[in-house]
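input_29.csv follows; it contains CSV, C-alpha atoms.
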```csv
chain,number,residue,atom,x,y,z
A,264,MET,CA,11.4,46.2,27.1
A,265,LYS,CA,12.7,43.0,28.8
A,266,ASN,CA,9.3,42.2,30.3
A,267,LYS,CA,7.6,42.4,26.9
A,268,ILE,CA,9.7,39.8,25.2
A,269,LEU,CA,8.4,36.9,27.3
A,270,PRO,CA,4.6,37.5,26.7
A,271,PHE,CA,5.4,38.3,23.1
A,272,SER,CA,7.2,35.1,22.4
A,273,ILE,CA,4.6,33.0,24.3
A,274,THR,CA,1.9,34.5,22.2
A,275,ILE,CA,3.8,33.6,19.1
A,276,ILE,CA,4.3,30.0,20.2
A,277,PHE,CA,0.7,29.6,21.0
A,278,GLY,CA,-0.2,31.3,17.8
A,279,ILE,CA,1.8,28.8,15.8
A,280,ILE,CA,0.4,25.8,17.8
A,281,PHE,CA,-3.1,27.1,17.3
A,282,PHE,CA,-2.4,27.5,13.6
A,283,ILE,CA,-1.2,23.9,13.3
A,284,PHE,CA,-4.1,22.4,15.2
A,285,TYR,CA,-6.5,24.6,13.3
A,286,LYS,CA,-5.0,23.4,10.0
A,287,GLY,CA,-5.2,19.8,11.3
A,288,LEU,CA,-8.9,20.2,11.9
A,289,GLU,CA,-9.6,20.8,8.2
A,290,ASP,CA,-7.6,17.7,7.1
A,291,SER,CA,-9.5,14.5,6.7
A,292,LYS,CA,-8.3,11.8,8.9
A,293,ILE,CA,-9.5,9.1,6.6
A,294,TYR,CA,-6.8,8.3,4.1
A,295,ILE,CA,-8.0,8.6,0.5
A,296,PRO,CA,-5.4,7.1,-1.8
A,297,ASP,CA,-4.5,8.9,-5.0
A,298,ILE,CA,-6.8,7.3,-7.6
A,299,ASN,CA,-6.3,9.6,-10.6
A,300,THR,CA,-2.6,9.5,-11.3
A,301,LYS,CA,-1.5,7.5,-14.2
A,302,LYS,CA,0.9,4.8,-13.5
A,303,GLU,CA,2.4,2.1,-15.6
A,304,ILE,CA,1.1,-1.4,-14.9
A,305,PRO,CA,3.6,-3.7,-13.1
A,306,VAL,CA,5.3,-6.6,-14.8
A,307,PHE,CA,4.8,-9.9,-13.0
A,308,LYS,CA,4.6,-13.6,-13.5
A,309,THR,CA,1.6,-15.6,-12.4
A,310,LYS,CA,-0.5,-18.7,-13.2
A,311,ASP,CA,-3.6,-19.0,-15.3
A,312,PHE,CA,-6.7,-19.8,-13.3
A,313,PHE,CA,-8.1,-22.6,-15.5
A,314,SER,CA,-5.1,-24.2,-17.0
A,315,GLY,CA,-2.6,-23.6,-14.2
A,316,LYS,CA,0.1,-22.6,-16.7
A,317,ASN,CA,2.6,-19.9,-16.1
A,318,VAL,CA,1.7,-16.6,-17.7
A,319,LYS,CA,3.6,-13.3,-18.0
A,320,SER,CA,1.7,-10.1,-17.5
A,321,THR,CA,3.0,-8.7,-20.8
A,322,SER,CA,1.1,-11.4,-22.7
A,323,ILE,CA,-2.2,-10.4,-21.0
A,324,PHE,CA,-2.3,-6.7,-21.5
A,325,GLU,CA,-1.9,-5.4,-25.1
A,326,LEU,CA,-1.6,-1.8,-26.3
A,327,ASN,CA,-4.6,0.2,-27.7
A,328,LYS,CA,-7.1,-1.9,-25.8
A,329,ILE,CA,-9.1,-1.0,-22.7
A,330,TYR,CA,-8.9,-3.4,-19.9
A,331,LEU,CA,-10.6,-3.6,-16.6
A,332,LEU,CA,-8.6,-5.6,-14.0
A,333,ASN,CA,-10.9,-6.8,-11.3
A,334,ILE,CA,-9.5,-8.3,-8.1
A,335,TRP,CA,-12.0,-10.7,-6.7
A,336,SER,CA,-12.4,-13.7,-4.4
A,337,SER,CA,-15.1,-16.2,-3.6
A,338,TRP,CA,-14.9,-15.4,0.1
A,339,CYS,CA,-15.5,-11.7,-0.5
A,340,VAL,CA,-19.1,-10.7,0.0
A,341,PRO,CA,-19.0,-7.3,-1.8
A,342,CYS,CA,-17.5,-9.2,-4.8
A,343,ARG,CA,-20.8,-11.0,-5.1
A,344,GLN,CA,-22.7,-7.7,-5.1
A,345,GLU,CA,-20.6,-6.2,-7.9
A,346,HIS,CA,-20.6,-9.4,-10.0
A,347,PRO,CA,-23.8,-8.6,-11.9
A,348,PHE,CA,-22.4,-5.2,-12.9
A,349,LEU,CA,-19.3,-6.9,-14.3
A,350,MET,CA,-21.6,-9.3,-16.2
A,351,ASN,CA,-23.4,-6.3,-17.6
A,352,LEU,CA,-20.2,-4.6,-18.6
A,353,ASN,CA,-19.1,-7.6,-20.5
A,354,LEU,CA,-22.3,-7.7,-22.7
A,355,ASP,CA,-21.0,-5.6,-25.5
A,356,ASN,CA,-17.4,-6.9,-25.3
A,357,LYS,CA,-15.8,-3.5,-25.5
A,358,VAL,CA,-13.9,-3.6,-22.3
A,359,ASN,CA,-11.7,-6.7,-21.7
A,360,ILE,CA,-12.3,-7.7,-18.1
A,361,ILE,CA,-9.4,-9.5,-16.6
A,362,GLY,CA,-9.8,-11.2,-13.3
A,363,MET,CA,-7.3,-11.5,-10.5
A,364,ASN,CA,-8.3,-14.3,-8.1
A,365,TYR,CA,-7.1,-13.1,-4.7
A,366,LYS,CA,-6.0,-15.6,-2.0
A,367,ASP,CA,-8.7,-18.0,-2.9
A,368,ASN,CA,-9.5,-21.7,-2.9
A,369,LEU,CA,-9.7,-22.8,-6.5
A,370,LYS,CA,-12.7,-25.0,-6.0
A,371,ASN,CA,-14.7,-22.3,-4.3
A,372,ALA,CA,-13.7,-19.8,-7.0
A,373,GLU,CA,-14.9,-22.2,-9.7
A,374,ASN,CA,-18.2,-22.6,-7.9
A,375,PHE,CA,-18.5,-18.8,-7.6
A,376,LEU,CA,-18.1,-18.5,-11.4
A,377,LYS,CA,-20.5,-21.3,-12.0
A,378,ASP,CA,-23.2,-19.7,-9.8
A,379,LEU,CA,-22.9,-16.1,-10.9
A,380,GLY,CA,-21.4,-16.4,-14.4
A,381,ASN,CA,-17.9,-15.6,-15.8
A,382,PRO,CA,-17.4,-12.1,-17.2
A,383,TYR,CA,-13.7,-12.5,-17.4
A,384,LYS,CA,-11.7,-12.8,-20.6
A,385,GLU,CA,-8.8,-14.1,-18.6
A,386,ILE,CA,-8.2,-14.9,-15.0
A,387,PHE,CA,-4.9,-15.2,-13.2
A,388,ILE,CA,-4.1,-16.3,-9.7
A,389,ASP,CA,-2.7,-14.3,-6.8
A,390,LEU,CA,-2.3,-16.9,-4.1
A,391,ASP,CA,-0.4,-15.0,-1.5
A,392,GLY,CA,-1.6,-11.4,-2.3
A,393,THR,CA,1.8,-10.2,-3.5
A,394,ILE,CA,0.7,-9.4,-7.0
A,395,ALA,CA,-2.0,-7.2,-5.6
A,396,ILE,CA,0.7,-5.3,-3.7
A,397,GLU,CA,2.6,-4.9,-6.9
A,398,TRP,CA,-0.5,-3.2,-8.3
A,399,GLY,CA,-0.8,-1.0,-5.3
A,400,ALA,CA,-4.1,-2.6,-4.3
A,401,TYR,CA,-5.7,-2.5,-0.9
A,402,GLY,CA,-7.8,-5.6,-0.9
A,403,VAL,CA,-10.9,-7.1,-2.5
A,404,PRO,CA,-12.8,-5.9,-4.5
A,405,GLU,CA,-10.8,-3.5,-6.4
A,406,SER,CA,-10.7,-2.6,-10.1
A,407,PHE,CA,-8.2,-0.9,-12.4
A,408,LEU,CA,-9.1,0.7,-15.7
A,409,ILE,CA,-6.1,0.2,-18.0
A,410,TYR,CA,-5.3,1.7,-21.4
A,411,ASN,CA,-2.0,1.5,-23.3
A,412,ASN,CA,-0.4,-0.3,-20.3
A,413,GLU,CA,-1.3,2.6,-18.0
A,414,ILE,CA,-3.6,2.6,-15.1
A,415,ILE,CA,-6.2,5.3,-16.0
A,416,LYS,CA,-8.4,4.9,-13.0
A,417,LYS,CA,-8.6,2.9,-9.8
A,418,TYR,CA,-11.9,1.8,-8.2
A,419,ILE,CA,-11.6,0.8,-4.6
A,420,GLY,CA,-14.5,-1.2,-3.3
A,421,PRO,CA,-17.4,-2.8,-5.3
A,422,LEU,CA,-18.5,-1.4,-8.6
A,423,ASN,CA,-22.0,0.1,-8.9
A,424,GLN,CA,-24.2,1.3,-11.7
A,425,GLU,CA,-22.7,4.8,-11.5
A,426,LEU,CA,-19.2,3.6,-11.9
A,427,VAL,CA,-20.2,1.2,-14.7
A,428,ASP,CA,-21.7,4.2,-16.5
A,429,GLU,CA,-18.4,6.0,-16.0
A,430,ILE,CA,-16.4,3.0,-17.4
A,431,ASN,CA,-18.8,3.0,-20.4
A,432,LEU,CA,-17.9,6.6,-21.1
A,433,PHE,CA,-14.2,5.6,-21.3
A,434,LYS,CA,-14.8,3.0,-24.0
A,435,LYS,CA,-16.4,5.3,-26.5
B,234,MET,CA,31.1,-41.0,11.0
B,235,LYS,CA,27.9,-40.7,12.9
B,236,PHE,CA,29.5,-38.2,15.2
B,237,LEU,CA,30.8,-36.2,12.2
B,238,SER,CA,27.4,-35.9,10.6
B,239,PHE,CA,25.9,-35.0,14.0
B,240,VAL,CA,28.4,-32.2,14.4
B,241,LEU,CA,27.7,-31.0,10.8
B,242,ILE,CA,24.0,-31.0,11.4
B,243,VAL,CA,24.4,-29.0,14.6
B,244,ILE,CA,26.7,-26.5,12.9
B,245,SER,CA,24.4,-26.0,9.9
B,246,LEU,CA,21.4,-25.6,12.3
B,247,PHE,CA,23.2,-22.8,14.2
B,248,SER,CA,24.4,-21.0,11.1
B,249,PHE,CA,20.9,-21.2,9.6
B,250,SER,CA,19.3,-19.7,12.7
B,251,THR,CA,21.6,-16.8,13.0
B,252,VAL,CA,21.1,-15.8,9.4
B,253,SER,CA,17.3,-16.0,9.6
B,254,ALA,CA,17.4,-14.1,12.9
B,255,GLU,CA,19.3,-11.2,11.4
B,256,GLU,CA,16.9,-11.2,8.5
B,257,ASN,CA,13.9,-11.3,10.8
B,258,ASP,CA,15.1,-8.3,12.8
B,259,LYS,CA,15.4,-6.3,9.6
B,260,LYS,CA,12.0,-7.5,8.4
B,261,ASN,CA,10.4,-6.6,11.7
B,262,LYS,CA,12.0,-3.2,11.7
B,263,ILE,CA,10.7,-2.5,8.2
B,264,THR,CA,7.2,-3.7,8.8
B,265,LYS,CA,7.0,-1.7,12.0
B,266,ASN,CA,7.7,1.4,10.0
B,267,LEU,CA,5.0,0.6,7.4
B,268,ARG,CA,1.4,1.6,8.0
B,269,CYS,CA,-1.3,-0.9,7.5
B,270,LEU,CA,-3.5,1.0,5.1
B,271,ILE,CA,-6.8,-0.8,5.7
B,272,CYS,CA,-6.5,-1.0,9.5
B,273,GLN,CA,-5.3,2.5,10.3
B,274,GLY,CA,-3.5,3.1,13.6
B,275,GLN,CA,-1.7,-0.2,13.3
B,276,SER,CA,1.6,-1.0,11.7
B,277,VAL,CA,1.9,-3.8,9.2
B,278,TYR,CA,3.9,-5.7,11.9
B,279,ASP,CA,1.0,-5.5,14.4
B,280,SER,CA,-1.7,-6.3,11.9
B,281,ASP,CA,-3.0,-9.7,10.8
B,282,SER,CA,-5.2,-8.4,8.0
B,283,GLU,CA,-4.9,-9.9,4.5
B,284,PHE,CA,-3.3,-6.8,3.2
B,285,ALA,CA,-0.6,-6.7,6.0
B,286,ASN,CA,0.1,-10.4,5.6
B,287,SER,CA,0.7,-10.0,1.9
B,288,LEU,CA,2.9,-7.0,2.6
B,289,LYS,CA,5.1,-9.0,5.0
B,290,ILE,CA,5.6,-11.6,2.3
B,291,VAL,CA,6.6,-8.8,-0.2
B,292,VAL,CA,9.1,-7.3,2.3
B,293,ASP,CA,10.6,-10.8,2.8
B,294,LYS,CA,10.9,-11.2,-1.0
B,295,LYS,CA,12.5,-7.8,-1.5
B,296,LEU,CA,15.0,-8.5,1.3
B,297,GLN,CA,15.9,-11.8,-0.4
B,298,GLU,CA,16.3,-10.0,-3.7
B,299,GLY,CA,19.0,-7.9,-1.8
B,300,LEU,CA,17.2,-4.6,-1.6
B,301,SER,CA,18.2,-2.2,1.1
B,302,GLU,CA,15.9,-0.9,3.7
B,303,ASP,CA,15.6,2.5,2.0
B,304,GLN,CA,15.0,0.9,-1.3
B,305,ILE,CA,12.1,-1.1,0.1
B,306,TYR,CA,10.6,2.1,1.7
B,307,GLU,CA,10.9,3.8,-1.7
B,308,TYR,CA,9.2,0.9,-3.4
B,309,PHE,CA,6.2,1.1,-1.2
B,310,ARG,CA,6.2,4.9,-1.3
B,311,ILE,CA,5.8,4.7,-5.1
B,312,LYS,CA,3.1,2.1,-4.9
B,313,TYR,CA,1.0,3.6,-2.1
B,314,GLY,CA,2.2,7.1,-1.5
B,315,GLU,CA,3.9,8.8,1.5
B,316,TRP,CA,1.1,7.8,3.9
B,317,ILE,CA,2.4,4.2,4.1
B,318,LEU,CA,5.6,5.3,5.9
B,319,TYR,CA,5.5,6.1,9.6
B,320,ASP,CA,8.7,8.1,9.2
B,321,PRO,CA,7.8,10.7,6.5
B,322,GLY,CA,10.4,12.7,4.6
B,323,LEU,CA,10.5,16.5,4.4
B,324,ASN,CA,8.0,17.9,1.9
B,325,LYS,CA,5.3,20.5,1.7
B,326,ASN,CA,2.9,18.5,3.8
B,327,THR,CA,5.3,17.7,6.6
B,328,TYR,CA,7.6,20.8,6.8
B,329,ILE,CA,5.8,22.0,10.0
B,330,LEU,CA,6.4,18.7,11.6
B,331,TRP,CA,10.1,18.9,10.9
B,332,LEU,CA,10.7,22.6,11.5
B,333,LEU,CA,8.5,23.2,14.5
B,334,PRO,CA,10.8,21.6,17.1
B,335,ILE,CA,13.7,23.6,15.8
B,336,LEU,CA,11.6,26.7,15.9
B,337,ILE,CA,10.4,26.1,19.4
B,338,PHE,CA,13.9,25.3,20.5
B,339,LEU,CA,15.2,28.6,19.1
B,340,ILE,CA,12.4,30.7,20.6
B,341,GLY,CA,12.8,28.9,23.9
B,342,GLY,CA,16.5,29.5,23.8
B,343,ALA,CA,16.0,33.1,23.0
B,344,ILE,CA,13.7,33.5,26.0
B,345,ILE,CA,16.1,31.9,28.4
B,346,TYR,CA,19.0,33.9,27.0
B,347,LYS,CA,17.1,37.2,27.3
B,348,SER,CA,15.6,36.6,30.7
B,349,PHE,CA,18.5,35.0,32.5
B,350,ILE,CA,21.8,35.7,30.9
B,351,ILE,CA,21.1,39.4,30.1
B,352,LYS,CA,19.5,39.9,33.5
B,353,ASN,CA,22.6,38.6,35.2
B,354,LYS,CA,24.9,41.0,33.5
```

Render the structure in this file as structure tokens.
Amino acid sequence: MKNKILPFSITIIFGIIFFIFYKGLEDSKIYIPDINTKKEIPVFKTKDFFSGKNVKSTSIFELNKIYLLNIWSSWCVPCRQEHPFLMNLNLDNKVNIIGMNYKDNLKNAENFLKDLGNPYKEIFIDLDGTIAIEWGAYGVPESFLIYNNEIIKKYIGPLNQELVDEINLFKK
Amino acid sequence: MKFLSFVLIVISLFSFSTVSAEENDKKNKITKNLRCLICQGQSVYDSDSEFANSLKIVVDKKLQEGLSEDQIYEYFRIKYGEWILYDPGLNKNTYILWLLPILIFLIGGAIIYKSFIIKNK
């Protein structure tokens, strides 16, 4: 009896360790953030991109309207790729596209908009990236679909035709 | 008069530096326990990415607002989820992590007890 306890417990320990490693194999090591949970949008103060005046977030987002908050920057290459899709999305004026200019040089950002067009209804500035953190953002480009002051969906990375079609479904 | 102002400047310099050093220690401790989400495997403290740099500023701001360490962790947990913390709490995803050492300790203890203490009797 005494001799059986030792191999028995060793088997159990190895069994448990095997189970944990086996379970770990199935998990993805790439962290995918939760993009579908509804969250209230943060309240913050910022500056308007064109006028430089102080703005409150509550005056930008109204209830019962669909907004797409797009974080962009002139130094961000994928932002250039997604810009034509934003221009397309703006054609029928059903989604209000709000821009958040992320850690950018104002002159460069203005030139960016001159070259590629301005799809944004309003743009505000996030000079040190802290407002992006308030939103739970990872970097540029990133977009948030907002309705009734709630984040309905989060798009990390550049938008493409597929995602634009998805956004179009929301506005109907 | 000159001497007095000199002394005052020296005193104020010293008092400033101790305050900021304490605050820096706290900030470093917090940022070391936050995961940089876009450069995985690094803490926010180690990273120099745009995301990490902004996060450091936010930690600074929150400390100045008078939030405690736990409150700051909670703030980031709500924004980014449990993954951002290097020191996760006990929940359904981490229970094995927390309970396994205790389990192994108990089983090991039982083995030692059975094989040595009982044998000696």

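Ranking B:Lys235, B:Lys325, B:Lys312, B:Lys352 by their shortest atom-to-atom distance to chain A, with all atoms listed in the file included, puts B:Lys312 first.
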
Check your understanding: Could you list, as JSON, numbers by chain, every residue of chain B that has an atom within 12 Å of an atom of chain A, counting only C-alpha atoms?
Key -> {"B": [268, 269, 270, 271, 272, 273, 274, 282, 283, 284, 285, 286, 287, 288, 289, 290, 291, 292, 293, 294, 295, 308, 309, 310, 311, 312, 313, 314, 315, 316, 317, 326, 327, 328, 329, 330, 332, 333, 334, 336, 337, 338, 339, 340, 341, 342, 343, 344, 345, 346, 347, 348, 349, 350, 351, 352]}

Practice item. Mind checking which residues fall within 10 Å of Glu302 (chain B), counting all atoms listed in the file, ignoring those fewer than 3 positions away in the same chain, and posting them as a ChimeraX atom specification? Key: /B:259-260,262-263,292,295-296,299,305-308

Write a file of the selected residues as an mmCIF file, in the frame of the given file, keeping C-alpha atoms.
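After the write, part-v2.cif holds the following:
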```
data_model
loop_
_atom_site.group_PDB
_atom_site.id
_atom_site.type_symbol
_atom_site.label_atom_id
_atom_site.label_comp_id
_atom_site.auth_asym_id
_atom_site.auth_seq_id
_atom_site.Cartn_x
_atom_site.Cartn_y
_atom_site.Cartn_z
ATOM 1 C CA LYS B 259 15.400 -6.300 9.600
ATOM 2 C CA LYS B 260 12.000 -7.500 8.400
ATOM 3 C CA LYS B 262 12.000 -3.200 11.700
ATOM 4 C CA ILE B 263 10.700 -2.500 8.200
ATOM 5 C CA VAL B 292 9.100 -7.300 2.300
ATOM 6 C CA LYS B 295 12.500 -7.800 -1.500
ATOM 7 C CA LEU B 296 15.000 -8.500 1.300
ATOM 8 C CA GLY B 299 19.000 -7.900 -1.800
ATOM 9 C CA ILE B 305 12.100 -1.100 0.100
ATOM 10 C CA TYR B 306 10.600 2.100 1.700
ATOM 11 C CA GLU B 307 10.900 3.800 -1.700
ATOM 12 C CA TYR B 308 9.200 0.900 -3.400
#
```

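Between CA of Ile329 (chain A) and CA of Asn359 (chain A) the interatomic distance comes to 6.3 Å.
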
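Rounded to one decimal, CA of Asn371 (chain A) and CA of Phe313 (chain A) lie 13.0 Å from each other.
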
Practice item. Determine the nearest neighbour of Ile414 (chain A) from the options A:Pro305, A:Pro382, A:Gly278, A:Gly315, counting all atoms listed in the file. Key: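 Among the listed residues, the smallest separation from Ile414 (chain A) belongs to A:Pro305.
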
Practice item. Find the distance between CA of Cys342 (chain A) and CA of Ile323 (chain A) and write it in Å to one decimal. Key: 22.3 Å

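With all atoms listed in the file as the atoms that count, the minimum distance from Cys339 (chain A) to the choices A:Lys301, A:Ser314, A:Asn364, A:Glu289 is reached by A:Asn364.
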
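Counting only C-alpha atoms, the residue from B:Leu246, B:Met234, B:Val277, B:Leu300 that sits nearest to Leu318 (chain B) is B:Val277.
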
Practice item. Using only C-alpha atoms, determine which residues lie at most 10 Å from Asn327 (chain A), disregarding the query and same-chain residues fewer than 6 positions distant; provide the list as a list of chain:residue names. Key: A:Ile409, A:Tyr410, A:Asn411, A:Asn412

Point to revise | Close residues, Ile419 (chain A) itself excluded, 8 Å, only C-alpha atoms, min 5 positions apart in chain, as a list of chain:residue names | key: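 In the requested format, the answer is A:Tyr401, A:Pro404, A:Glu405, A:Ser406.
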
Point to revise | Distance query Leu354 (chain A) at most 12 Å, all atoms listed in the file, self and fewer than 3 positions along chain excluded, as a list in words | key: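 Returned residues: Pro347, Phe348, Leu349, Met350, Asn351, Lys357, Val358, Asn359, Ile360, Asn381, Pro382, Tyr383, Lys384 and Asn431 of chain A.
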
Could you add whatever atoms are missing so that region 382-393 of chain A carries N, CA and C atoms, then write the result as an mmCIF file, in the frame of the given file?
```
data_model
loop_
_atom_site.group_PDB
_atom_site.id
_atom_site.type_symbol
_atom_site.label_atom_id
_atom_site.label_comp_id
_atom_site.auth_asym_id
_atom_site.auth_seq_id
_atom_site.Cartn_x
_atom_site.Cartn_y
_atom_site.Cartn_z
ATOM 1 N N PRO A 382 -17.592 -13.243 -16.283
ATOM 2 C CA PRO A 382 -17.400 -12.100 -17.200
ATOM 3 C C PRO A 382 -16.006 -11.893 -17.641
ATOM 4 N N TYR A 383 -15.089 -12.720 -17.154
ATOM 5 C CA TYR A 383 -13.700 -12.500 -17.400
ATOM 6 C C TYR A 383 -13.167 -13.078 -18.669
ATOM 7 N N LYS A 384 -12.350 -12.290 -19.357
ATOM 8 C CA LYS A 384 -11.700 -12.800 -20.600
ATOM 9 C C LYS A 384 -10.578 -13.723 -20.189
ATOM 10 N N GLU A 385 -9.864 -13.312 -19.151
ATOM 11 C CA GLU A 385 -8.800 -14.100 -18.600
ATOM 12 C C GLU A 385 -8.759 -13.979 -17.110
ATOM 13 N N ILE A 386 -8.372 -15.027 -16.446
ATOM 14 C CA ILE A 386 -8.200 -14.900 -15.000
ATOM 15 C C ILE A 386 -6.852 -15.439 -14.608
ATOM 16 N N PHE A 387 -6.169 -14.705 -13.764
ATOM 17 C CA PHE A 387 -4.900 -15.200 -13.200
ATOM 18 C C PHE A 387 -4.995 -15.274 -11.696
ATOM 19 N N ILE A 388 -4.057 -16.023 -11.119
ATOM 20 C CA ILE A 388 -4.100 -16.300 -9.700
ATOM 21 C C ILE A 388 -3.124 -15.475 -8.903
ATOM 22 N N ASP A 389 -3.580 -14.953 -7.784
ATOM 23 C CA ASP A 389 -2.700 -14.300 -6.800
ATOM 24 C C ASP A 389 -2.857 -15.024 -5.501
ATOM 25 N N LEU A 390 -2.057 -16.059 -5.286
ATOM 26 C CA LEU A 390 -2.300 -16.900 -4.100
ATOM 27 C C LEU A 390 -1.920 -16.287 -2.810
ATOM 28 N N ASP A 391 -0.823 -15.530 -2.791
ATOM 29 C CA ASP A 391 -0.400 -15.000 -1.500
ATOM 30 C C ASP A 391 -0.592 -13.446 -1.414
ATOM 31 N N GLY A 392 -1.266 -12.871 -2.399
ATOM 32 C CA GLY A 392 -1.600 -11.400 -2.300
ATOM 33 C C GLY A 392 -0.441 -10.523 -2.740
ATOM 34 N N THR A 393 0.681 -11.094 -3.182
ATOM 35 C CA THR A 393 1.800 -10.200 -3.500
ATOM 36 C C THR A 393 1.665 -9.496 -4.814
#
```
